[in-house]
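Enquirer: This is my_file_35.txt (compact mmCIF, C-alpha atoms).
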# COMPACT_ATOMS: atom_id res chain seq x y z
CA MET P 1089 8.09 -8.58 -32.57
CA ALA P 1090 8.11 -10.85 -29.54
CA GLU P 1091 4.87 -11.36 -27.71
CA TYR P 1092 3.86 -12.58 -24.25
CA TRP P 1093 0.36 -13.59 -23.17
CA PHE P 1094 -1.03 -14.45 -19.78
CA ILE P 1095 -4.71 -15.22 -19.28
CA ALA P 1096 -5.91 -16.46 -15.88
CA ASP P 1097 -7.69 -19.84 -15.86
CA GLY P 1098 -11.33 -19.60 -16.79
CA PHE P 1099 -11.05 -16.14 -18.38
CA GLU P 1100 -9.97 -17.20 -21.91
CA GLU P 1101 -13.39 -16.89 -23.54
CA ARG P 1102 -14.25 -13.60 -21.83
CA VAL P 1103 -10.91 -12.03 -22.75
CA ARG P 1104 -11.19 -13.12 -26.39
CA GLU P 1105 -14.71 -11.68 -26.63
CA ASN P 1106 -13.66 -8.39 -25.03
CA LEU P 1107 -10.65 -7.97 -27.31
CA GLN P 1108 -12.73 -8.63 -30.44
CA SER P 1109 -15.64 -6.45 -29.35
CA GLU P 1110 -15.89 -2.98 -30.78
CA LEU P 1111 -17.96 -1.77 -27.87
CA GLU P 1112 -17.07 1.76 -26.83
CA ALA P 1113 -15.71 2.28 -23.33
CA GLU P 1114 -17.99 4.02 -20.83
CA VAL P 1115 -15.08 6.14 -19.62
CA ASP P 1116 -11.67 6.78 -21.19
CA LEU P 1117 -8.77 8.19 -19.21
CA ASP P 1118 -5.38 9.01 -20.77
CA PHE P 1119 -2.13 10.12 -19.14
CA GLY P 1120 1.29 10.97 -20.51
CA ILE P 1121 4.24 9.35 -18.71
CA PRO P 1122 7.48 11.37 -19.10
CA GLU P 1123 10.84 9.60 -19.00
CA LYS P 1124 12.45 9.41 -15.52
CA ASP P 1125 9.99 11.89 -14.01
CA PHE P 1126 9.40 10.37 -10.59
CA ASN P 1127 7.56 13.42 -9.31
CA THR P 1128 4.61 12.73 -11.57
CA ALA P 1129 5.02 8.97 -12.12
CA GLY P 1130 2.17 7.18 -10.39
CA LYS P 1131 -0.27 10.08 -10.64
CA GLY P 1132 -2.13 8.44 -13.52
CA SER P 1133 -2.71 5.33 -11.44
CA SER P 1134 -3.85 7.40 -8.44
CA GLU P 1135 -6.36 9.24 -10.63
CA LEU P 1136 -7.55 6.00 -12.17
CA LYS P 1137 -8.10 4.49 -8.74
CA ASN P 1138 -10.06 7.57 -7.61
CA LEU P 1139 -12.26 7.37 -10.69
CA LEU P 1140 -13.00 3.67 -10.18
CA LYS P 1141 -13.68 4.24 -6.50
CA ARG P 1142 -16.31 6.83 -7.45
CA LEU P 1143 -17.81 4.30 -9.87
CA GLY P 1144 -18.20 1.88 -6.96
CA VAL P 1145 -15.62 -0.80 -7.88
CA ASP P 1146 -15.01 -3.30 -5.03
CA SER P 1147 -12.01 -2.39 -2.83
CA ASP P 1148 -10.04 -5.64 -3.42
CA ILE P 1149 -10.44 -5.30 -7.19
CA LEU P 1150 -9.55 -1.61 -6.88
CA ARG P 1151 -6.28 -2.47 -5.13
CA ARG P 1152 -5.39 -5.04 -7.82
CA ILE P 1153 -6.03 -2.49 -10.59
CA ALA P 1154 -4.07 0.24 -8.78
CA VAL P 1155 -1.05 -2.00 -8.11
CA ALA P 1156 -0.91 -3.37 -11.70
CA SER P 1157 -1.36 0.10 -13.14
CA TYR P 1158 1.22 1.70 -10.84
CA GLU P 1159 3.85 -0.96 -11.61
CA ALA P 1160 3.28 -0.51 -15.34
CA GLU P 1161 3.36 3.29 -15.07
CA ILE P 1162 6.65 3.15 -13.14
CA ASN P 1163 8.06 0.74 -15.73
CA VAL P 1164 7.38 3.25 -18.51
CA ALA P 1165 8.93 6.11 -16.50
CA ALA P 1166 11.95 4.04 -15.40
CA HIS P 1167 12.80 2.04 -18.51
CA SER P 1168 11.50 3.88 -21.57
CA GLN P 1169 11.88 7.23 -23.29
CA GLY P 1170 8.37 8.08 -22.16
CA GLY P 1171 4.94 6.91 -23.18
CA VAL P 1172 1.22 7.00 -22.54
CA MET P 1173 -1.26 5.17 -20.35
CA LYS P 1174 -4.75 4.70 -21.82
CA SER P 1175 -7.49 3.31 -19.60
CA ALA P 1176 -10.84 2.16 -20.95
CA VAL P 1177 -13.51 1.43 -18.36
CA TYR P 1178 -16.41 -0.86 -19.38
CA ASP P 1179 -19.37 -1.95 -17.29
CA ASP P 1180 -17.73 -5.21 -16.14
CA HIS P 1181 -13.99 -4.70 -16.67
CA ILE P 1182 -11.11 -2.32 -17.22
CA HIS P 1183 -8.60 -2.48 -20.05
CA VAL P 1184 -5.41 -0.44 -19.53
CA ARG P 1185 -2.81 -0.03 -22.29
CA PHE P 1186 0.71 1.36 -21.88
CA VAL P 1187 2.58 2.29 -25.05
CA ASP P 1188 6.06 3.74 -24.88
CA GLU P 1189 8.67 5.20 -27.21
CA GLY P 1190 11.18 2.37 -26.81
CA PRO P 1191 13.91 1.14 -26.49
CA GLY P 1192 12.00 -2.15 -26.08
CA ILE P 1193 12.47 -5.31 -24.03
CA ALA P 1194 15.25 -7.56 -25.36
CA ASP P 1195 13.92 -10.76 -23.76
CA ILE P 1196 10.36 -10.72 -22.40
CA GLU P 1197 10.55 -14.22 -20.86
CA GLN P 1198 13.64 -13.15 -18.93
CA ALA P 1199 11.94 -9.92 -17.82
CA MET P 1200 9.07 -11.97 -16.39
CA VAL P 1201 11.40 -13.87 -14.01
CA PRO P 1202 10.89 -12.51 -10.46
CA GLY P 1203 14.04 -10.74 -9.30
CA TYR P 1204 15.42 -9.99 -12.78
CA SER P 1205 15.95 -6.26 -13.21
CA THR P 1206 17.68 -3.91 -15.64
CA ALA P 1207 16.99 -0.81 -13.50
CA ASP P 1208 19.77 1.80 -13.33
CA ASP P 1209 21.21 3.33 -10.14
CA LEU P 1210 18.86 6.34 -10.08
CA VAL P 1211 15.83 4.09 -10.27
CA ARG P 1212 17.20 1.70 -7.63
CA GLU P 1213 17.94 4.55 -5.25
CA LEU P 1214 14.23 5.39 -5.24
CA GLY P 1215 13.33 1.86 -4.18
CA PHE P 1216 12.48 0.45 -7.59
CA GLY P 1217 14.33 -2.30 -9.42
CA ALA P 1218 13.27 -5.27 -7.27
CA GLY P 1219 12.62 -7.17 -10.48
CA LEU P 1220 9.01 -7.69 -9.45
CA GLY P 1221 7.24 -5.15 -11.68
CA LEU P 1222 6.05 -7.43 -14.48
CA PRO P 1223 5.39 -10.43 -12.16
CA ASN P 1224 3.33 -8.12 -9.94
CA ILE P 1225 1.26 -6.90 -12.91
CA LYS P 1226 0.65 -10.51 -13.94
CA LYS P 1227 -0.28 -11.52 -10.39
CA ASN P 1228 -2.94 -8.81 -10.14
CA SER P 1229 -4.38 -9.11 -13.68
CA ASP P 1230 -6.93 -11.44 -15.26
CA ALA P 1231 -5.13 -11.01 -18.59
CA MET P 1232 -1.82 -9.43 -19.52
CA HIS P 1233 -0.23 -8.98 -22.93
CA ILE P 1234 3.19 -7.61 -23.90
CA VAL P 1235 4.48 -6.88 -27.41
CA SER P 1236 8.05 -5.66 -27.73
CA GLU P 1237 11.50 -6.17 -29.16
CA LYS P 1238 14.88 -4.54 -28.72
CA GLY P 1239 15.00 -1.15 -30.45
CA ALA P 1240 11.20 -0.80 -30.76
CA SER P 1241 8.35 0.49 -28.63
CA THR P 1242 6.66 -1.68 -26.03
CA LEU P 1243 2.95 -2.30 -25.61
CA LEU P 1244 1.82 -3.66 -22.26
CA GLU P 1245 -1.90 -4.10 -21.64
CA PHE P 1246 -3.94 -5.74 -18.92
CA ILE P 1247 -7.58 -6.54 -18.27
CA ILE P 1248 -9.16 -6.87 -14.84
CA TYR P 1249 -12.82 -7.83 -14.29
CA PHE P 1250 -14.93 -6.14 -11.65
CA SER P 1251 -16.51 -9.44 -10.57
CA MET K 410 -2.00 -1.34 19.21
CA THR K 411 -2.34 2.32 18.21
CA LEU K 412 0.14 4.55 16.44
CA ARG K 413 0.57 6.41 19.73
CA ASP K 414 1.85 3.15 21.32
CA ILE K 415 4.21 2.69 18.37
CA VAL K 416 5.58 6.24 18.70
CA ALA K 417 6.42 5.45 22.36
CA LEU K 418 7.94 2.01 21.65
CA LEU K 419 10.18 3.34 18.85
CA GLU K 420 10.94 6.67 20.61
CA ALA K 421 9.77 8.23 17.38
CA GLU K 422 9.15 11.77 16.24
CA VAL K 423 5.77 12.58 14.71
CA LEU K 424 6.45 14.42 11.45
CA TYR K 425 3.41 16.71 11.34
CA PRO K 426 1.41 17.87 14.34
CA GLU K 427 -2.10 16.85 13.24
CA ALA K 428 -1.19 13.21 12.49
CA ASP K 429 -3.91 10.85 13.75
CA LEU K 430 -2.13 8.72 16.36
CA GLU K 431 -5.27 7.06 17.72
CA ARG K 432 -5.50 4.94 14.60
CA GLU K 433 -5.54 1.20 15.32
CA VAL K 434 -2.66 -0.67 13.63
CA PRO K 435 -3.48 -4.33 12.95
CA CYS K 436 -0.21 -5.45 11.30
CA ALA K 437 3.06 -4.29 9.76
CA PHE K 438 5.44 -4.85 6.87
CA ALA K 439 9.08 -3.75 6.49
CA SER K 440 10.95 -3.23 3.22
CA ASP K 441 13.05 -0.77 1.23
CA MET K 442 11.80 -2.04 -2.14
CA ILE K 443 8.59 -0.59 -3.57
CA SER K 444 7.52 -3.69 -5.51
CA ASP K 445 7.96 -5.81 -2.37
CA ILE K 446 5.65 -3.46 -0.51
CA LEU K 447 3.05 -3.58 -3.29
CA MET K 448 3.22 -7.36 -3.46
CA CYS K 449 2.85 -7.93 0.25
CA THR K 450 0.06 -5.71 1.46
CA LYS K 451 -3.52 -6.87 1.15
CA GLU K 452 -4.89 -5.34 4.35
CA PRO K 453 -4.43 -2.07 6.28
CA THR K 454 -0.71 -2.14 7.12
CA LEU K 455 1.89 -0.07 8.94
CA LEU K 456 4.93 0.33 6.68
CA LEU K 457 8.45 0.46 8.09
CA THR K 458 10.97 1.70 5.54
CA GLY K 459 14.16 3.64 4.90
CA LEU K 460 12.74 5.11 1.67
CA THR K 461 11.81 8.78 1.98
CA ASN K 462 10.98 9.86 -1.58
CA ASN K 463 7.52 10.95 -2.74
CA GLN K 464 6.76 7.54 -4.28
CA VAL K 465 6.50 6.03 -0.79
CA ILE K 466 3.61 8.38 -0.05
CA ARG K 467 2.10 7.71 -3.49
CA LEU K 468 2.04 4.02 -2.56
CA SER K 469 -0.67 4.87 -0.06
CA ASP K 470 -2.90 5.86 -3.01
CA MET K 471 -2.64 2.28 -4.28
CA ILE K 472 -2.68 0.22 -1.08
CA ASP K 473 -4.10 0.73 2.39
CA LEU K 474 -1.36 2.05 4.70
CA THR K 475 -2.26 2.94 8.30
CA GLY K 476 0.97 4.90 8.65
CA ILE K 477 4.67 4.98 7.76
CA VAL K 478 7.66 4.64 10.10
CA PHE K 479 10.88 6.05 8.61
CA VAL K 480 13.80 4.16 10.17
CA ARG K 481 17.54 4.81 10.69
CA GLY K 482 16.85 8.47 11.51
CA LYS K 483 15.61 9.25 8.04
CA LYS K 484 13.19 12.09 7.43
CA PRO K 485 11.52 13.00 4.15
CA LEU K 486 11.73 16.52 2.72
CA GLN K 487 8.99 19.02 3.55
CA ASP K 488 7.09 18.55 0.27
CA VAL K 489 6.89 14.80 0.92
CA ILE K 490 5.66 15.43 4.48
CA GLU K 491 2.98 17.71 2.98
CA MET K 492 1.94 14.96 0.56
CA ALA K 493 1.35 12.67 3.58
CA GLU K 494 -0.55 15.39 5.42
CA GLU K 495 -2.83 16.03 2.42
CA ARG K 496 -3.72 12.33 2.46
CA GLY K 497 -4.20 12.18 6.24
CA LEU K 498 -1.44 9.56 6.35
CA PRO K 499 0.40 9.59 9.71
CA ILE K 500 4.21 9.49 9.35
CA ILE K 501 6.82 9.13 12.08
CA SER K 502 10.61 8.91 12.19
CA THR K 503 12.81 6.86 14.52
CA LYS K 504 16.58 6.56 15.00
CA PHE K 505 16.28 2.77 15.39
CA THR K 506 17.23 0.42 12.54
CA LEU K 507 14.67 -1.48 10.48
CA TYR K 508 15.66 -4.72 12.23
CA ARG K 509 15.40 -3.27 15.70
CA CYS K 510 12.03 -1.61 15.00
CA SER K 511 10.64 -4.86 13.61
CA GLY K 512 11.86 -6.78 16.67
CA ILE K 513 10.42 -4.29 19.16
CA LEU K 514 7.02 -4.18 17.46
CA PHE K 515 6.85 -7.95 16.94
CA ASN K 516 7.66 -8.56 20.61
CA ALA K 517 4.98 -6.06 21.60
CA GLY K 518 2.44 -8.21 19.72
CA LEU K 519 2.19 -6.49 16.32
CA ARG K 520 1.82 -9.26 13.77
CA SER K 521 3.20 -9.45 10.25
CA CYS K 522 0.71 -8.52 7.51
CA LYS K 523 -0.81 -11.28 5.39
CA ILE K 524 1.04 -11.76 2.12
Can the structure in the file be given as structure tokens, please?
Expert:
Amino acid sequence: MAEYWFIADGFEERVRENLQSELEAEVDLDFGIPEKDFNTAGKGSSELKNLLKRLGVDSDILRRIAVASYEAEINVAAHSQGGVMKSAVYDDHIHVRFVDEGPGIADIEQAMVPGYSTADDLVRELGFGAGLGLPNIKKNSDAMHIVSEKGASTLLEFIIYFS
Amino acid sequence: MTLRDIVALLEAEVLYPEADLEREVPCAFASDMISDILMCTKEPTLLLTGLTNNQVIRLSDMIDLTGIVFVRGKKPLQDVIEMAEERGLPIISTKFTLYRCSGILFNAGLRSCKI
């Protein structure tokens, strides 16, 4: 399996600790993401944002989480055979994982290049397929991790700190 | 500049009667690509677009939109209009092109949003 890591400068230690920790999340929120269902795609991210707003997360951080989550949710709906979005909210950060049913990303480095897109016509007609989905997730995250290969499922996860 | 001023400048149609037109609009952004819109808006922004599907309204759950101008005479379907209404998001439609709308609003003093 190919793997891609991004960790923002200064967050390496914190991210490592959080990933090794077995601390239970304060709130878990799971959503199914059906293939090519653009009526419901994005609802999970809306709900997540509403939850975090109620928990008092700062509005700039909230926007970053919502944008990263929405882009990832749309990616699963647009490019995979469906998947799930699992959010775990801790006292100082959020960890969101997207796991799909394949068919996988053939070249993750290529997919990270802004402007590169494999979106089909239906997806493009709706305004997606700018080739900015993964770069946008990276831009808004403190850490981002992708595990995938052609013919397999994809895991994309990101961590964003509340301060 | 308020949305009411923008409706007049763009000779636009307000798409549901209770839309709040007194809302102050500090800046604008124009694009037909959703990821562009998400990448470029960090402050309350008026969106000018030719996209009319429900995902455009859902964008306003993620980022702070003061309103949406549908250009080139486009109008969303009723269920999309209702989605905007539920969110209290003002939406208007104009026959002008995206380029023309941007020029008119820029000349009237509406700045580009910070990116």
Enquirer: Quick one: which residues from chain P are at most 8 Å off chain K, using only C-alpha atoms, as an MDAnalysis selection string?
Expert: chainID P and resid 1126:1127 1130:1131 1133:1134 1137 1151 1154:1155 1158:1159 1214:1221 1224
Enquirer: Kindly indicate which residue among K:Lys523, K:Arg413, K:Ile446, K:Gly518 lies nearest to Pro499 in chain K, using all atoms listed in the file for the distances.
Expert: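 So, comparing all the options, the nearest one is K:Arg413.
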Enquirer: Mind giving me the straight-line distance from CA of Val480 in chain K to CA of Cys510 in chain K in Å, one decimal?
Expert: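 Distance between the two atoms: 7.7 Å.
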Enquirer: Given only C-alpha atoms as the basis, pick out the residue of P:Arg1104, P:Asp1208, P:Gly1098, P:Asp1125 nearest to Ala1165 in chain P.
Expert: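 For Ala1165 in chain P, the nearest of the candidates is P:Asp1125.
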Enquirer: For Leu1136 in chain P, list every protein, DNA or RNA residue within 12 Å, evaluated using all atoms listed in the file, and leave out those in the same chain fewer than 2 positions away; present the list as a VMD selection string.
Expert: (chain P and resid 1115 to 1119 1130 to 1134 1138 to 1143 1145 1150 to 1151 1153 to 1158 1161 1173 to 1177 1182 to 1184) or (chain K and resid 470 to 471)
Enquirer: So which residues touch Leu1243 in chain P within 6 Å, counting only C-alpha atoms, skipping near sequence neighbours fewer than 5 positions away, as a list in words?
Expert: Phe1186, Val1187, Ile1234 and Val1235 of chain P
Enquirer: Let me make sure I understand: among K:Glu433, K:Leu498, K:Ile490, K:Pro453, which one has the smallest atom-to-atom distance to Asp1148 in chain P if we use only C-alpha atoms?
Expert: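 Closest candidate: K:Pro453.
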Enquirer: If we count only C-alpha atoms, what is near Phe479 in chain K at a cut-off of 7 Å, once residues fewer than 4 positions away on the same chain are taken out, given as a VMD selection string?
Expert: chain K and resid 457 to 459 483 to 484 501 to 503
Enquirer: Output C-alpha atoms of each residue in that selection to a file, as a PDB file, in the coordinates of the input.
Expert:
ATOM      1  CA  LEU K 457       8.450   0.460   8.090  1.00  0.00           C
ATOM      2  CA  THR K 458      10.970   1.700   5.540  1.00  0.00           C
ATOM      3  CA  GLY K 459      14.160   3.640   4.900  1.00  0.00           C
ATOM      4  CA  LYS K 483      15.610   9.250   8.040  1.00  0.00           C
ATOM      5  CA  LYS K 484      13.190  12.090   7.430  1.00  0.00           C
ATOM      6  CA  ILE K 501       6.820   9.130  12.080  1.00  0.00           C
ATOM      7  CA  SER K 502      10.610   8.910  12.190  1.00  0.00           C
ATOM      8  CA  THR K 503      12.810   6.860  14.520  1.00  0.00           C
TER       9      THR K 503
END
Enquirer: Report the distance between CA of Leu514 in chain K and CA of Pro485 in chain K in Å, rounded to one decimal place.
Expert: 22.2 Å
Enquirer: How many Å lie between CA of Gly497 in chain K and CA of Ile513 in chain K, rounded to one decimal?
Expert: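 That distance, rounded to one decimal, is 25.5 Å.
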Enquirer: Please identify all polymer residues within 12 Å of Leu1107 in chain P, counting all atoms listed in the file, omitting same-chain residues fewer than 5 positions from it, and present them as a list in words.
Expert: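 Result of the neighbour search: Glu1100, Glu1101, Arg1102, Glu1112, Ala1176, His1181, Ile1182, His1183, Ala1231, Met1232, His1233, Glu1245, Phe1246 and Ile1247 of chain P.
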Enquirer: Limited to C-alpha atoms, could you put the picked residues into a file as a CSV table (one decimal), in the coordinates of the input?
Expert:
chain,number,residue,atom,x,y,z
P,1100,GLU,CA,-10.0,-17.2,-21.9
P,1101,GLU,CA,-13.4,-16.9,-23.5
P,1102,ARG,CA,-14.2,-13.6,-21.8
P,1112,GLU,CA,-17.1,1.8,-26.8
P,1176,ALA,CA,-10.8,2.2,-21.0
P,1181,HIS,CA,-14.0,-4.7,-16.7
P,1182,ILE,CA,-11.1,-2.3,-17.2
P,1183,HIS,CA,-8.6,-2.5,-20.0
P,1231,ALA,CA,-5.1,-11.0,-18.6
P,1232,MET,CA,-1.8,-9.4,-19.5
P,1233,HIS,CA,-0.2,-9.0,-22.9
P,1245,GLU,CA,-1.9,-4.1,-21.6
P,1246,PHE,CA,-3.9,-5.7,-18.9
P,1247,ILE,CA,-7.6,-6.5,-18.3
Enquirer: Pick the closest to Leu507 in chain K from K:Leu474, K:Ala439, K:Ala493, K:Cys522: which is it, counting all atoms listed in the file?
Expert: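 Of K:Leu474, K:Ala439, K:Ala493, K:Cys522, the one nearest Leu507 in chain K, counting all atoms listed in the file, is K:Ala439.
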Enquirer: For range 1169-1203 of chain P of the block above, can you save N, CA and C atoms as a compact mmCIF listing (two decimals), in the first residue's frame?
Expert:
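What follows is the written file out-v6.txt:
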# COMPACT_ATOMS: atom_id res chain seq x y z
N GLN P 1169 -16.70 3.72 -4.35
CA GLN P 1169 -17.96 2.97 -4.38
C GLN P 1169 -18.71 3.14 -3.07
N GLY P 1170 -18.44 4.21 -2.38
CA GLY P 1170 -19.09 4.50 -1.11
C GLY P 1170 -18.16 4.25 0.06
N GLY P 1171 -18.50 4.81 1.20
CA GLY P 1171 -17.63 4.64 2.36
C GLY P 1171 -18.25 5.23 3.62
N VAL P 1172 -17.42 5.43 4.60
CA VAL P 1172 -17.89 6.00 5.87
C VAL P 1172 -16.97 7.13 6.31
N MET P 1173 -17.57 8.00 7.13
CA MET P 1173 -16.83 9.11 7.73
C MET P 1173 -16.98 8.94 9.24
N LYS P 1174 -15.85 8.85 9.94
CA LYS P 1174 -15.89 8.63 11.39
C LYS P 1174 -15.14 9.76 12.08
N SER P 1175 -15.88 10.57 12.84
CA SER P 1175 -15.26 11.70 13.53
C SER P 1175 -15.12 11.37 15.00
N ALA P 1176 -13.95 11.68 15.55
CA ALA P 1176 -13.71 11.51 16.99
C ALA P 1176 -13.28 12.86 17.55
N VAL P 1177 -14.10 13.38 18.46
CA VAL P 1177 -13.82 14.70 19.03
C VAL P 1177 -13.19 14.54 20.41
N TYR P 1178 -11.99 15.09 20.59
CA TYR P 1178 -11.30 15.07 21.89
C TYR P 1178 -11.33 16.47 22.47
N ASP P 1179 -10.77 16.65 23.68
CA ASP P 1179 -10.90 17.98 24.29
C ASP P 1179 -10.10 19.05 23.56
N ASP P 1180 -8.99 18.65 22.88
CA ASP P 1180 -8.18 19.69 22.22
C ASP P 1180 -8.04 19.49 20.71
N HIS P 1181 -8.65 18.45 20.15
CA HIS P 1181 -8.53 18.25 18.70
C HIS P 1181 -9.64 17.36 18.16
N ILE P 1182 -9.71 17.32 16.83
CA ILE P 1182 -10.64 16.40 16.18
C ILE P 1182 -9.84 15.52 15.22
N HIS P 1183 -10.24 14.26 15.16
CA HIS P 1183 -9.61 13.29 14.27
C HIS P 1183 -10.73 12.71 13.41
N VAL P 1184 -10.68 12.96 12.11
CA VAL P 1184 -11.73 12.47 11.21
C VAL P 1184 -11.12 11.46 10.24
N ARG P 1185 -11.77 10.29 10.13
CA ARG P 1185 -11.28 9.23 9.24
C ARG P 1185 -12.33 8.93 8.18
N PHE P 1186 -11.88 8.82 6.93
CA PHE P 1186 -12.75 8.44 5.82
C PHE P 1186 -12.23 7.13 5.25
N VAL P 1187 -13.07 6.11 5.24
CA VAL P 1187 -12.65 4.82 4.69
C VAL P 1187 -13.66 4.44 3.63
N ASP P 1188 -13.16 4.13 2.44
CA ASP P 1188 -14.10 3.80 1.36
C ASP P 1188 -13.92 2.36 0.87
N GLU P 1189 -14.74 2.01 -0.11
CA GLU P 1189 -14.77 0.63 -0.61
C GLU P 1189 -13.92 0.46 -1.87
N GLY P 1190 -13.03 1.39 -2.14
CA GLY P 1190 -12.23 1.35 -3.35
C GLY P 1190 -12.87 2.17 -4.44
N PRO P 1191 -12.25 2.28 -5.60
CA PRO P 1191 -11.18 1.44 -6.18
C PRO P 1191 -9.76 1.93 -5.91
N GLY P 1192 -9.55 2.84 -4.97
CA GLY P 1192 -8.18 3.23 -4.63
C GLY P 1192 -7.61 4.34 -5.50
N ILE P 1193 -6.52 4.92 -5.01
CA ILE P 1193 -5.83 6.00 -5.73
C ILE P 1193 -4.56 5.39 -6.34
N ALA P 1194 -4.43 5.50 -7.67
CA ALA P 1194 -3.30 4.86 -8.35
C ALA P 1194 -1.98 5.54 -7.98
N ASP P 1195 -1.98 6.87 -7.86
CA ASP P 1195 -0.75 7.62 -7.60
C ASP P 1195 -1.07 8.79 -6.67
N ILE P 1196 -0.79 8.61 -5.39
CA ILE P 1196 -1.19 9.62 -4.40
C ILE P 1196 -0.44 10.94 -4.62
N GLU P 1197 0.86 10.86 -4.92
CA GLU P 1197 1.65 12.08 -5.14
C GLU P 1197 1.02 12.91 -6.27
N GLN P 1198 0.63 12.22 -7.33
CA GLN P 1198 -0.01 12.89 -8.47
C GLN P 1198 -1.34 13.52 -8.04
N ALA P 1199 -2.10 12.79 -7.25
CA ALA P 1199 -3.41 13.28 -6.80
C ALA P 1199 -3.27 14.52 -5.91
N MET P 1200 -2.11 14.69 -5.30
CA MET P 1200 -1.89 15.85 -4.42
C MET P 1200 -1.53 17.11 -5.21
N VAL P 1201 -1.24 16.97 -6.51
CA VAL P 1201 -0.85 18.15 -7.32
C VAL P 1201 -2.10 19.00 -7.58
N PRO P 1202 -2.08 20.29 -7.18
CA PRO P 1202 -3.26 21.13 -7.41
C PRO P 1202 -3.62 21.18 -8.90
N GLY P 1203 -4.89 20.95 -9.21
CA GLY P 1203 -5.33 21.00 -10.60
C GLY P 1203 -5.47 19.63 -11.24
